[in-house]
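Student: Before I ask anything, here is the structure I am working with.
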Amino acid sequence: MKKLMYKIMLTCKQATFYSSVKSFKKLKLVHRIQLKLHLSMCKSCHEFDHQNQIIDKSMTDFYKGKHLHSEETLSEEKKSQIKITVNQYIKG
Amino acid sequence: MPIIVIYKYLNNPCKQEFKRLRYFIVFHSKTLYLQIVAKKQTFICEPNIWVDEYSDEFFRFAIYRVKSREIAEDLVQETFLAGLKSLAKFRRDCPEKSWLYNILRNKIIDYFRKKTNQEIKRSSAVVETDDDSFYGQFFKKEGQWNNEATQENWDISADKLMEREEFMQFLILCLSLLPEKWAKVFSMKNIDEYSTKEICKELEITPSNLWTIIHRAKLQLHGCLEKRWHNK
């Protein structure tokens with residue numbers, strides 16, 4: 001019985017592995033169930049999984065360039081200065 | 001009669017642009033070949049209009065991340081200059097804007113990398129150590145957490161924009177502390193929408209290597225965010 005338990009239950013290390021890899025590939029059904037089971041019992045890993053989702057989402061936002069609500073614009077001064085530099089580079 | 005499908009696609013940095021595909025049906029020695037070829041599109045590229053068209057958007061993108069007007073301005077300028085310098089390398093298979101965005105993104109990560117290097121001189125930067133010593137930071141030998149209390153509730157939700165902005169800053173900082181190869185996996189997945197097979201091919205690693213890298217990178221990000229953002 002004890003041996004069987006060890007086979008079914010994931011350790012925290014394995015659980016975090018499946019939790020991190022989950023956004024990259026679809027897990028096998030067995031692993032999904034094992035992970036769910038582990039997460040329902042282990043508070044730290046549950047938290048880890050939750051944080052993983054936050055990180056993934058924020059990372060996608062960063063790479064895709066979302067959340068650009070602000071109205072900040074480049075100052076005219078700096079803009080013309082950049083223009084001059086760029087034009088100089090094109091000519092020379 | 002066997003049917004063989006051949007996919008051909010251009011190795012393109014922005015694959016989401018592929019919408020038009022051409023199909024060829026070829027008969028050859030009793031076999032039907034169906035060739036799917038991505039239609040090559042060329043995009044125009046006019047450096048003259050860059051500043052007028054994109055500078056404000058790029059500036060907003062940069063200032064949201066680096067939180068300083070001067071540095072954001074400099075980064076935008078550097079992006080345009082770097083773009084001009086590598087204009088010959090630009091294959092024009094994606095719009096110039098997404099190409100320039102890629103440059104800007106790399107500049108931002110470089111900036112953080114430089115900044116953190118100056119601050120801590122790589123003391124807490126991650127090096128690619130062997131398995132035991134790496135996992136030893138987080139787990140006991142039996143596979144349980146070292147310290148049960150490390151995983152606390154972060155309690156941030158998507159609507160708290162102020163907190164998210166701050167969180168984002170720390171996330172980029174922690175990303176810049178990862179080894180370059182690890183960070184590249186995430187950028188390839190998120191920007192270029194590479195499949196895992198393509199990532200492995202590009203980085204010349206096996207799939208199981210990739211999973212280990214992701215696992216380690218995630219653990220490292222958690223540890224770093226915990227230390228710098230949550231417990232500041």
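We label chains A, B, ... in the order they appear in the structure tokens, count residues from 1 in each chain, and number ligands from 1 in the order shown.
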Determine which residues of chain A sit within 8 Å of chain B, taking into account only C-alpha atoms, and present them as JSON, numbers by chain.
Tutor: {"A": [11, 12, 13, 14, 16, 17, 20, 21, 24, 25, 44, 45, 47, 48, 51, 52, 55, 58, 59, 60, 62, 63, 64, 65, 68, 70, 71, 72, 73, 74, 78, 79, 82, 83, 86, 87, 89, 90]}
Student: Do you know which residues are at most 8 Å from stretch 1-9 of chain A counting only C-alpha atoms, after dropping those on the same chain fewer than 3 positions away, and could you put them as a count of residues only?
Tutor: 3
Student: Report, in Å with one decimal, the straight-line distance from atom CA of A:Ser19 to atom CA of A:Asp49.
Tutor: 6.0 Å
Student: Using only C-alpha atoms, find the one residue out of B:Ser176, B:Asn106, B:Phe43, B:Lys115 that sits nearest to B:Cys94.
Tutor: B:Phe43
Student: Within 8 Å of B:Arg113, counting only C-alpha atoms, which residues qualify if same-chain residues fewer than 4 places away don't, as a ChimeraX atom specification?
Tutor: /B:109,117,173,176-177
